[in-house]
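*Asks:* Structure below; questions to follow.
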Amino acid sequence: MTHGLAFPHPFGERLKAAKRKVQWLSAIMIVLGVIALVFPSFSTLTITYFIAFMLITFGVVSLNAAFLMIGAGPFFAGLLFSLASIGAGVFMLFNPAPGAAALTVLVGGLFLAQGAYELVLGFEAPARVRAPILISALISLVLALAILAGWPQSSAVVLGVMFGVNFISSGVGLAMAARD
């Protein structure tokens, strides 16, 4: 019994009960996505700072964990890894443009790898699902090439645009899921 929703119980029931909250969340995500697209440089800078703080936080937590392993084999590896994380985070915090450039190359490389994987997968997939997988592969490859071809000049806006599009698509997806 679906109670008017396309989802089976209990997910459908929970979604129905939280419909208002989900609608607000989707609206906030769409607004944030539009803001990210309108101000892509600011969004890229914000994302870079966020990742820098995450690296520093992760490094500090890892450093504490490393000191718990003093005398064990993994101590030095944990120590080096945590110090590298802290160093990368501090560097990005005080040098956001090169940090954004590094993150942009990472995103371009991830899209390139994803596109290559989906391309191979698409040719291996059954005929009924081949086209969507190949289309996704081509989109990923085109995005990767666009990102990497414009690098490093595109670094100032790429992350903001990508996150903006992601927030909008996720917000629309949530809004569609919350419909009756």
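Every chain in the structure tokens has a letter given in the order shown (A, B, ...), and although residue numbers restart at 1 in each chain, ligands are simply numbered from 1 in the order shown.
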Leaving out A:Ala27 and any residue of its chain fewer than 3 positions from it, which residues lie within 12 Å of it when counting only C-alpha atoms, given as a PyMOL selection string?
*Replies:* chain A and resi 20-24+30-34+167-176+178
*Asks:* With a distance cut-off of 7 Å and only C-alpha atoms, select the neighbouring residues of A:Ser82, excluding the residue or stretch itself and same-chain residues fewer than 4 positions from it, and output the selection as a VMD selection string.
*Replies:* chain A and resid 59 to 60 62 to 63 78 86
*Asks:* Using only C-alpha atoms, which of A:Leu37, A:Leu55, A:Ala66, A:Leu79 sits nearest A:Leu93?
*Replies:* A:Leu55
*Asks:* What separation in Å, quoted to one decimal, exists between atom CA of A:Phe123 and atom CA of A:Ala146?
*Replies:*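 So the two atoms, atom CA of A:Phe123 and atom CA of A:Ala146, lie 23.7 Å apart.
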*Asks:* Please list as number ranges by chain every residue within 12 Å of A:Phe111, counting only C-alpha atoms and excluding residues in the same chain fewer than 4 positions away.
*Replies:* A: 104-107, 115-119, 136-148, 162
*Asks:* Hey, can you spit out that residue selection with C-alpha atoms as a compact mmCIF listing (two decimals), in the first residue's frame?
*Replies:*
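Done, and the output landed in result.txt:
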# COMPACT_ATOMS: atom_id res chain seq x y z
CA THR A 104 39.60 21.99 -9.92
CA VAL A 105 42.18 19.61 -11.38
CA LEU A 106 40.97 16.95 -8.96
CA VAL A 107 37.35 17.44 -10.05
CA GLY A 115 33.52 9.22 -18.06
CA ALA A 116 36.08 6.61 -19.06
CA TYR A 117 34.56 4.07 -16.67
CA GLU A 118 31.02 4.78 -17.91
CA LEU A 119 32.18 4.56 -21.52
CA SER A 136 26.28 10.06 -19.08
CA ALA A 137 29.81 9.03 -20.10
CA LEU A 138 29.91 11.64 -22.85
CA ILE A 139 28.62 14.36 -20.53
CA SER A 140 31.26 13.46 -17.91
CA LEU A 141 34.01 13.47 -20.55
CA VAL A 142 32.88 16.80 -22.03
CA LEU A 143 32.73 18.35 -18.54
CA ALA A 144 36.19 16.97 -17.73
CA LEU A 145 37.66 18.31 -20.96
CA ALA A 146 35.98 21.70 -20.47
CA ILE A 147 37.29 21.93 -16.90
CA LEU A 148 40.81 20.80 -17.75
CA MET A 162 29.53 22.59 -10.16
*Asks:* For atom CA of A:Gly160 and atom CA of A:Ala36, determine how far apart the two atoms are, in Å to one decimal place.
*Replies:*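 Atom CA of A:Ala36 lies at a distance of 5.5 Å from atom CA of A:Gly160.
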*Asks:* Between A:Val38, A:Ala149, A:Val157, A:Ile56, which has the minimum distance to A:Met92 (counting only C-alpha atoms)?
*Replies:*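 Using only C-alpha atoms, the shortest distance to A:Met92 belongs to A:Ile56.
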*Asks:* Can you work out the spacing between atom CA of A:Arg14 and atom CA of A:Ala177 in Å, to one decimal?
*Replies:*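 Taking atom CA of A:Arg14 as the start and atom CA of A:Ala177 as the end point, the length is 11.6 Å.
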*Asks:* Can you work out which one of A:Ala84, A:Ala77, A:Ile70, A:Ala97 has the shortest atom-to-atom distance to A:Ala156, counting only C-alpha atoms?
*Replies:*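 Closest to A:Ala156, using only C-alpha atoms: A:Ala97.
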